[in-house]
>>> print(open('coords_22.cif').read())   # mmCIF, C-alpha atoms and all ligand atoms
data_structure
#
loop_
_atom_site.label_atom_id
_atom_site.label_comp_id
_atom_site.auth_asym_id
_atom_site.auth_seq_id
_atom_site.Cartn_x
_atom_site.Cartn_y
_atom_site.Cartn_z
CA MET A 21 -38.58 62.89 41.66
CA SER A 22 -34.86 63.07 41.00
CA ILE A 23 -33.15 61.68 37.92
CA ARG A 24 -31.70 58.94 40.11
CA GLU A 25 -35.14 57.95 41.42
CA ASN A 26 -36.61 58.04 37.93
CA VAL A 27 -33.91 55.76 36.54
CA ALA A 28 -34.38 53.33 39.42
CA ALA A 29 -38.15 53.24 38.86
CA ILE A 30 -37.76 52.70 35.11
CA ARG A 31 -35.22 49.95 35.66
CA LYS A 32 -37.67 48.17 37.95
CA ARG A 33 -40.40 48.31 35.32
CA MET A 34 -37.95 47.18 32.62
CA ASP A 35 -36.84 44.24 34.75
CA ALA A 36 -40.44 43.15 35.35
CA ALA A 37 -41.25 43.34 31.63
CA ALA A 38 -38.12 41.33 30.83
CA VAL A 39 -38.99 38.60 33.30
CA GLU A 40 -42.61 38.52 32.06
CA SER A 41 -41.35 37.80 28.58
CA GLY A 42 -38.92 35.14 29.72
CA ARG A 43 -35.74 37.17 29.40
CA ARG A 44 -32.97 38.29 31.72
CA PRO A 45 -33.18 41.89 32.99
CA GLU A 46 -29.46 42.40 32.37
CA ASP A 47 -29.98 41.73 28.66
CA ILE A 48 -32.14 44.85 28.18
CA LEU A 49 -30.29 48.14 27.75
CA LEU A 50 -31.57 51.52 28.89
CA VAL A 51 -30.51 54.40 26.64
CA ALA A 52 -31.18 57.84 28.10
CA ALA A 53 -32.59 60.11 25.38
CA THR A 54 -30.77 63.26 26.47
CA LYS A 55 -32.04 65.88 24.04
CA MET A 56 -32.50 69.32 25.55
CA ASN A 57 -30.83 68.30 28.80
CA ASP A 58 -27.51 69.92 29.65
CA ALA A 59 -24.24 68.16 30.43
CA ASP A 60 -24.82 68.20 34.18
CA ARG A 61 -28.19 66.51 33.90
CA VAL A 62 -26.76 63.95 31.50
CA LYS A 63 -23.99 63.24 34.01
CA GLU A 64 -26.66 62.64 36.65
CA ALA A 65 -28.30 60.05 34.43
CA VAL A 66 -24.94 58.38 33.82
CA ALA A 67 -24.29 58.31 37.57
CA ALA A 68 -27.76 56.82 38.08
CA GLY A 69 -26.74 53.88 35.93
CA VAL A 70 -28.23 54.24 32.46
CA ASP A 71 -26.45 51.95 29.99
CA ALA A 72 -25.87 54.58 27.29
CA CYS A 73 -26.80 58.11 26.26
CA GLY A 74 -28.57 58.92 23.01
CA GLU A 75 -28.38 62.33 21.38
CA ASN A 76 -30.67 63.63 18.65
CA ARG A 77 -28.80 66.62 17.34
CA VAL A 78 -25.20 66.75 16.20
CA GLN A 79 -24.90 70.26 17.62
CA GLU A 80 -25.94 69.16 21.11
CA LEU A 81 -23.63 66.18 20.98
CA LEU A 82 -20.68 68.37 20.05
CA GLU A 83 -21.49 70.79 22.87
CA LYS A 84 -21.89 68.20 25.62
CA HIS A 85 -19.13 65.80 24.61
CA PRO A 86 -16.20 68.07 25.55
CA LYS A 87 -17.89 68.69 28.90
CA GLY A 88 -17.58 65.00 29.69
CA ALA A 89 -21.36 64.53 29.76
CA TYR A 90 -21.24 60.91 28.63
CA GLU A 91 -18.05 59.88 30.38
CA GLY A 92 -18.13 56.27 31.45
CA ARG A 93 -20.94 55.27 29.11
CA PRO A 94 -21.30 54.72 25.38
CA VAL A 95 -22.94 57.51 23.43
CA HIS A 96 -25.37 56.87 20.59
CA PHE A 97 -26.74 59.10 17.89
CA ILE A 98 -30.51 58.55 17.67
CA GLY A 99 -31.83 61.52 15.68
CA HIS A 100 -32.30 62.18 12.01
CA LEU A 101 -28.84 62.36 10.44
CA GLN A 102 -28.00 64.54 7.45
CA THR A 103 -25.25 63.27 5.17
CA ASN A 104 -23.29 66.52 5.57
CA LYS A 105 -23.06 65.96 9.35
CA VAL A 106 -21.76 62.39 9.18
CA LYS A 107 -18.14 63.54 9.32
CA GLN A 108 -18.69 65.11 12.71
CA ILE A 109 -19.96 62.05 14.51
CA VAL A 110 -18.29 58.98 12.98
CA GLY A 111 -15.85 57.66 15.55
CA LEU A 112 -17.16 60.05 18.20
CA VAL A 113 -20.23 57.92 18.89
CA ASP A 114 -20.32 54.22 19.66
CA LEU A 115 -23.50 53.55 17.72
CA ILE A 116 -25.46 55.46 15.08
CA GLN A 117 -29.03 54.21 15.48
CA SER A 118 -30.67 56.15 12.67
CA VAL A 119 -29.21 54.99 9.36
CA ASP A 120 -31.85 54.70 6.67
CA SER A 121 -30.30 55.27 3.23
CA GLU A 122 -27.53 54.16 0.89
CA ALA A 123 -26.20 57.71 0.91
CA LEU A 124 -25.68 57.55 4.67
CA LEU A 125 -24.07 54.11 4.48
CA GLN A 126 -21.64 55.35 1.87
CA LYS A 127 -20.72 58.50 3.81
CA ILE A 128 -20.33 56.67 7.12
CA ASP A 129 -18.14 53.98 5.57
CA ALA A 130 -15.93 56.54 3.84
CA GLN A 131 -15.44 58.57 7.01
CA ALA A 132 -14.81 55.48 9.14
CA GLU A 133 -12.21 54.31 6.64
CA LYS A 134 -10.49 57.68 6.88
CA ARG A 135 -10.35 57.31 10.64
CA GLY A 136 -9.26 53.68 10.46
CA ILE A 137 -12.23 52.40 12.43
CA VAL A 138 -15.33 50.28 11.97
CA GLN A 139 -18.49 52.22 12.87
CA ASP A 140 -21.36 50.33 14.48
CA ILE A 141 -24.80 51.31 13.22
CA LEU A 142 -28.46 50.31 13.43
CA ILE A 143 -30.84 50.54 10.51
CA GLU A 144 -33.90 52.65 11.27
CA VAL A 145 -37.12 51.13 9.95
CA ASN A 146 -40.23 53.19 9.24
CA ILE A 147 -42.44 50.44 10.59
CA GLY A 148 -45.64 52.48 10.49
CA ASP A 149 -45.03 53.47 6.85
CA GLU A 150 -45.54 57.13 7.76
CA ALA A 151 -44.81 59.58 4.97
CA ALA A 152 -43.27 62.19 7.27
CA LYS A 153 -40.98 59.84 9.18
CA SER A 154 -37.42 58.80 8.57
CA GLY A 155 -36.50 55.16 8.30
CA VAL A 156 -36.35 52.66 5.48
CA SER A 157 -39.60 50.88 4.64
CA PRO A 158 -39.77 47.20 5.54
CA GLU A 159 -39.95 46.44 1.80
CA ASP A 160 -36.71 48.26 1.09
CA LEU A 161 -34.87 46.90 4.12
CA PRO A 162 -33.39 43.78 2.46
CA ALA A 163 -31.83 45.82 -0.35
CA LEU A 164 -30.33 48.27 2.15
CA LEU A 165 -28.86 45.40 4.18
CA GLU A 166 -27.39 43.88 1.01
CA LYS A 167 -25.76 47.21 0.35
CA ALA A 168 -24.52 47.53 3.95
CA SER A 169 -22.91 44.11 3.73
CA THR A 170 -20.60 45.35 0.96
CA TYR A 171 -18.91 47.95 3.20
CA SER A 172 -16.00 47.02 5.44
CA HIS A 173 -15.84 50.08 7.70
CA LEU A 174 -19.31 49.80 9.12
CA ARG A 175 -21.14 47.01 10.84
CA VAL A 176 -24.90 46.71 11.18
CA ARG A 177 -25.67 45.67 14.75
CA GLY A 178 -29.46 45.65 14.59
CA LEU A 179 -32.62 47.66 13.98
CA MET A 180 -34.27 50.75 15.41
CA ALA A 181 -37.85 52.00 15.08
CA ILE A 182 -40.02 54.90 16.14
CA PRO A 183 -43.62 53.73 15.65
CA PRO A 184 -46.54 56.12 15.12
CA ILE A 185 -47.86 58.13 18.07
CA SER A 186 -50.16 55.75 19.87
CA LEU A 187 -53.55 56.93 21.07
CA GLU A 188 -54.18 54.07 23.45
CA PRO A 189 -52.18 51.76 25.72
CA GLY A 190 -50.80 48.84 23.75
CA GLY A 191 -51.52 50.67 20.51
CA ASN A 192 -48.01 50.11 19.20
CA ASN A 193 -47.75 46.42 19.93
CA VAL A 194 -48.58 45.55 16.35
CA TYR A 195 -45.56 47.60 15.19
CA PHE A 196 -43.28 46.28 17.91
CA CYS A 197 -44.20 42.74 16.96
CA ALA A 198 -43.64 43.45 13.27
CA MET A 199 -40.18 44.81 14.14
CA TYR A 200 -39.36 41.74 16.19
CA LYS A 201 -40.31 39.54 13.26
CA LEU A 202 -37.98 41.50 10.94
CA PHE A 203 -35.23 41.28 13.55
CA ILE A 204 -35.54 37.49 13.76
CA ASP A 205 -35.95 36.93 10.01
CA ILE A 206 -32.89 39.02 9.16
CA GLY A 207 -30.86 37.36 11.90
CA ALA A 208 -31.59 34.01 10.26
CA LYS A 209 -30.45 35.22 6.83
CA LYS A 210 -26.83 35.92 7.77
CA TYR A 211 -25.72 38.85 5.65
CA ASP A 212 -21.99 39.73 5.81
CA ASN A 213 -21.26 42.58 8.27
CA VAL A 214 -24.78 42.33 9.65
CA SER A 215 -25.58 40.93 13.08
CA MET A 216 -28.89 41.34 14.80
CA ASP A 217 -27.66 42.14 18.31
CA PHE A 218 -29.86 45.11 19.15
CA LEU A 219 -33.52 45.82 18.65
CA SER A 220 -33.99 49.44 19.74
CA MET A 221 -37.62 50.43 20.31
CA GLY A 222 -39.85 51.73 23.08
CA MET A 223 -39.88 55.18 24.70
CA SER A 224 -41.30 56.66 27.91
CA ASP A 225 -44.90 55.76 27.12
CA ASP A 226 -44.40 52.25 25.84
CA PHE A 227 -41.02 50.76 26.75
CA GLU A 228 -42.59 47.88 28.67
CA ASP A 229 -44.71 46.91 25.66
CA ALA A 230 -41.62 47.10 23.47
CA ILE A 231 -39.66 44.85 25.82
CA ARG A 232 -42.50 42.34 26.00
CA CYS A 233 -42.49 42.27 22.18
CA GLY A 234 -38.74 41.64 22.01
CA ALA A 235 -36.85 44.93 22.33
CA ASN A 236 -33.49 44.66 24.05
CA MET A 237 -32.73 48.39 23.92
CA VAL A 238 -35.18 51.12 24.95
CA ARG A 239 -34.71 54.87 24.56
CA VAL A 240 -36.25 56.84 27.41
CA GLY A 241 -36.22 60.62 27.74
CA SER A 242 -39.01 62.41 29.57
CA SER A 243 -39.54 59.66 32.16
CA ILE A 244 -35.92 60.13 33.21
CA PHE A 245 -35.52 63.90 32.88
CA GLY A 246 -39.06 65.23 33.09
CA ALA A 247 -41.05 66.88 30.33
CA ARG A 248 -39.10 68.80 27.71
CA HIS A 249 -40.00 72.46 27.33
CA TYR A 250 -39.87 73.49 23.72
CA ALA A 251 -39.36 77.20 23.24
C1 LIG B 301 -36.84 61.90 22.36
C2 LIG B 301 -36.61 60.54 21.83
C3 LIG B 301 -36.87 59.39 22.59
C4 LIG B 301 -37.43 59.43 23.99
O1 LIG B 301 -38.71 59.98 24.02
P1 LIG B 301 -39.52 60.11 25.41
O2 LIG B 301 -40.94 59.98 25.00
O3 LIG B 301 -39.17 61.41 25.99
O4 LIG B 301 -39.09 58.98 26.26
C5 LIG B 301 -36.57 58.17 22.03
N1 LIG B 301 -36.09 58.04 20.79
C6 LIG B 301 -35.83 59.12 20.02
C7 LIG B 301 -35.29 58.91 18.66
C8 LIG B 301 -36.10 60.39 20.51
O5 LIG B 301 -35.88 61.44 19.73
#
>>> encode(input="coords_22.cif", output="structure tokens")
Amino acid sequence: MSIRENVAAIRKRMDAAAVESGRRPEDILLVAATKMNDADRVKEAVAAGVDACGENRVQELLEKHPKGAYEGRPVHFIGHLQTNKVKQIVGLVDLIQSVDSEALLQKIDAQAEKRGIVQDILIEVNIGDEAAKSGVSPEDLPALLEKASTYSHLRVRGLMAIPPISLEPGGNNVYFCAMYKLFIDIGAKKYDNVSMDFLSMGMSDDFEDAIRCGANMVRVGSSIFGARHYA
């Protein structure tokens, strides 16, 4: 199957899940998780109509960007972000999906101020409370949002989550539903600089479940590009 055929097939499944949950297909965004795929393959995904591209590593982003890999679509940063790399991506990406600490907020705001822009971000939530995973715990989320609302060069546009590896179909629904509840509760609270526009969750194995639970942004890699071969 080509990248184009894969994107078309995924879009069909996304549309069906959207309709099943009473939403409009055009309201659900498909982000291509492009890690380990070169600029030409990323361009193919863009041409096939993905809504955005998501990169995991700053290095890869900086290599593919000058090659025009993402041209015509927004580019997101979706991987773990170190504070010392913030400088390199603020203003270059449209959305940083993986912000999970006060230190990152502070660095992003400072860099965005330097560039005279407002950087859109999502807050990553460690919804499965896994020790080894990034993301703020649900308990610490309100304090982080309070902090975010004090900065004027960043804007929180929603939440992102990577739930635990699921061993069975539907195994992550409990986490997806918990995320949706946070998304709605926070939206009702109306913090300054915080709007709950995007709920980013669901990957190749479970994007339909995520959509049915309320996701409006899914991040799909291997179902678009094929399996990744780690050296
Ligand atoms: C790789 C990746 C994905 C996509 O994973 P697949 O299972 O290949 O669809 C989504 N989100 C993040 C943060 C990723 O790193």
>>> residues_near_point(input="coords_22.cif", point="(-14.0, 62.9, 12.4)", cutoff="10 Å", atoms="only C-alpha atoms", output="ChimeraX atom specification")
/A:106-112,131-132,134-135
>>> residues_around(input="coords_22.cif", residues="stretch 234-240 of chain A", least_positions_apart="2", cutoff="8 Å", atoms="all atoms listed in the file", output="list of chain:residue names")
A:Asp47, A:Ile48, A:Leu49, A:Leu50, A:Val51, A:Ala52, A:Ala53, A:Gly74, A:Phe196, A:Cys197, A:Tyr200, A:Phe218, A:Leu219, A:Ser220, A:Met221, A:Gly222, A:Met223, A:Ser224, A:Phe227, A:Ala230, A:Ile231, A:Arg232, A:Ser242, A:Ser243, A:Ile244
>>> atom_distance(input="coords_22.cif", atom1="atom CA of A:Ile98", atom2="atom CA of A:Pro189")
24.1 Å
>>> closest_residue(input="coords_22.cif", among="A:Asn26, A:Gln117, A:Ser169, A:Ser215", to="ligand LIG 301 (chain B)", atoms="only C-alpha atoms and all ligand atoms")
A:Gln117
>>> closest_residue(input="coords_22.cif", among="A:Val138, A:Ile182, A:Val176, A:Leu124", to="ligand LIG 301 (chain B)", atoms="all atoms listed in the file")
A:Ile182
>>> residues_around(input="coords_22.cif", residues="A:Arg175", least_positions_apart="6", cutoff="12 Å", atoms="only C-alpha atoms", output="list in words")
Asp114, Leu115, Ile116, Gln117, Val119, Leu125, Ile128, Asp129, Ala132, Ile137, Val138, Gln139, Asp140, Ile141, Leu142, Ile143, Leu165, Lys167, Ala168, Ser169, Tyr211, Asp212, Asn213, Val214, Ser215, Met216 and Asp217 of chain A
>>> write_last_selection(input="coords_22.cif", atoms="C-alpha atoms", output="PDB file, keeping the file's coordinate frame")
ATOM      1  CA  ASP A 114     -20.320  54.220  19.660  1.00  0.00           C
ATOM      2  CA  LEU A 115     -23.500  53.550  17.720  1.00  0.00           C
ATOM      3  CA  ILE A 116     -25.460  55.460  15.080  1.00  0.00           C
ATOM      4  CA  GLN A 117     -29.030  54.210  15.480  1.00  0.00           C
ATOM      5  CA  VAL A 119     -29.210  54.990   9.360  1.00  0.00           C
ATOM      6  CA  LEU A 125     -24.070  54.110   4.480  1.00  0.00           C
ATOM      7  CA  ILE A 128     -20.330  56.670   7.120  1.00  0.00           C
ATOM      8  CA  ASP A 129     -18.140  53.980   5.570  1.00  0.00           C
ATOM      9  CA  ALA A 132     -14.810  55.480   9.140  1.00  0.00           C
ATOM     10  CA  ILE A 137     -12.230  52.400  12.430  1.00  0.00           C
ATOM     11  CA  VAL A 138     -15.330  50.280  11.970  1.00  0.00           C
ATOM     12  CA  GLN A 139     -18.490  52.220  12.870  1.00  0.00           C
ATOM     13  CA  ASP A 140     -21.360  50.330  14.480  1.00  0.00           C
ATOM     14  CA  ILE A 141     -24.800  51.310  13.220  1.00  0.00           C
ATOM     15  CA  LEU A 142     -28.460  50.310  13.430  1.00  0.00           C
ATOM     16  CA  ILE A 143     -30.840  50.540  10.510  1.00  0.00           C
ATOM     17  CA  LEU A 165     -28.860  45.400   4.180  1.00  0.00           C
ATOM     18  CA  LYS A 167     -25.760  47.210   0.350  1.00  0.00           C
ATOM     19  CA  ALA A 168     -24.520  47.530   3.950  1.00  0.00           C
ATOM     20  CA  SER A 169     -22.910  44.110   3.730  1.00  0.00           C
ATOM     21  CA  TYR A 211     -25.720  38.850   5.650  1.00  0.00           C
ATOM     22  CA  ASP A 212     -21.990  39.730   5.810  1.00  0.00           C
ATOM     23  CA  ASN A 213     -21.260  42.580   8.270  1.00  0.00           C
ATOM     24  CA  VAL A 214     -24.780  42.330   9.650  1.00  0.00           C
ATOM     25  CA  SER A 215     -25.580  40.930  13.080  1.00  0.00           C
ATOM     26  CA  MET A 216     -28.890  41.340  14.800  1.00  0.00           C
ATOM     27  CA  ASP A 217     -27.660  42.140  18.310  1.00  0.00           C
TER      28      ASP A 217
END
>>> residues_around(input="coords_22.cif", residues="stretch 147-161 of chain A", least_positions_apart="6", cutoff="8 Å", atoms="only C-alpha atoms", output="MDAnalysis selection string")
chainID A and resid 100 118:121 181:184 195 198:199
>>> atom_distance(input="coords_22.cif", atom1="atom CA of A:Lys84", atom2="atom CA of A:Thr103")
21.3 Å
>>> atom_distance(input="coords_22.cif", atom1="atom CA of A:Tyr250", atom2="atom CA of A:Ile185")
18.2 Å
>>> closest_residue(input="coords_22.cif", among="A:Lys55, A:Arg24, A:Lys127, A:Arg43", to="ligand LIG 301 (chain B)", atoms="all atoms listed in the file")
A:Lys55
>>> closest_residue(input="coords_22.cif", among="A:Glu188, A:His96, A:Pro162, A:Ile206", to="ligand LIG 301 (chain B)", atoms="only C-alpha atoms and all ligand atoms")
A:His96
>>> closest_residue(input="coords_22.cif", among="A:Ala163, A:Val194, A:Met56, A:Ala72", to="ligand LIG 301 (chain B)", atoms="all atoms listed in the file")
A:Met56
>>> closest_residue(input="coords_22.cif", among="A:Lys210, A:Arg77, A:Lys87, A:Arg177", to="ligand LIG 301 (chain B)", atoms="only C-alpha atoms and all ligand atoms")
A:Arg77
>>> axis_aligned_box(input="coords_22.cif", around="stretch 187-197 of chain A", padding_each_side="3 Å", output="lines of an AutoDock Vina configuration file")
center_x = -48.7
center_y = 49.8
center_z = 20.5
size_x = 16.9
size_y = 20.2
size_z = 16.5
>>> residues_around(input="coords_22.cif", residues="A:Glu83", least_positions_apart="2", cutoff="12 Å", atoms="only C-alpha atoms", output="list of chain:residue names")
A:Lys55, A:Met56, A:Asn57, A:Asp58, A:Ala59, A:Glu75, A:Arg77, A:Val78, A:Gln79, A:Glu80, A:Leu81, A:His85, A:Pro86, A:Lys87, A:Gly88, A:Ala89, A:Tyr90, A:Gln108
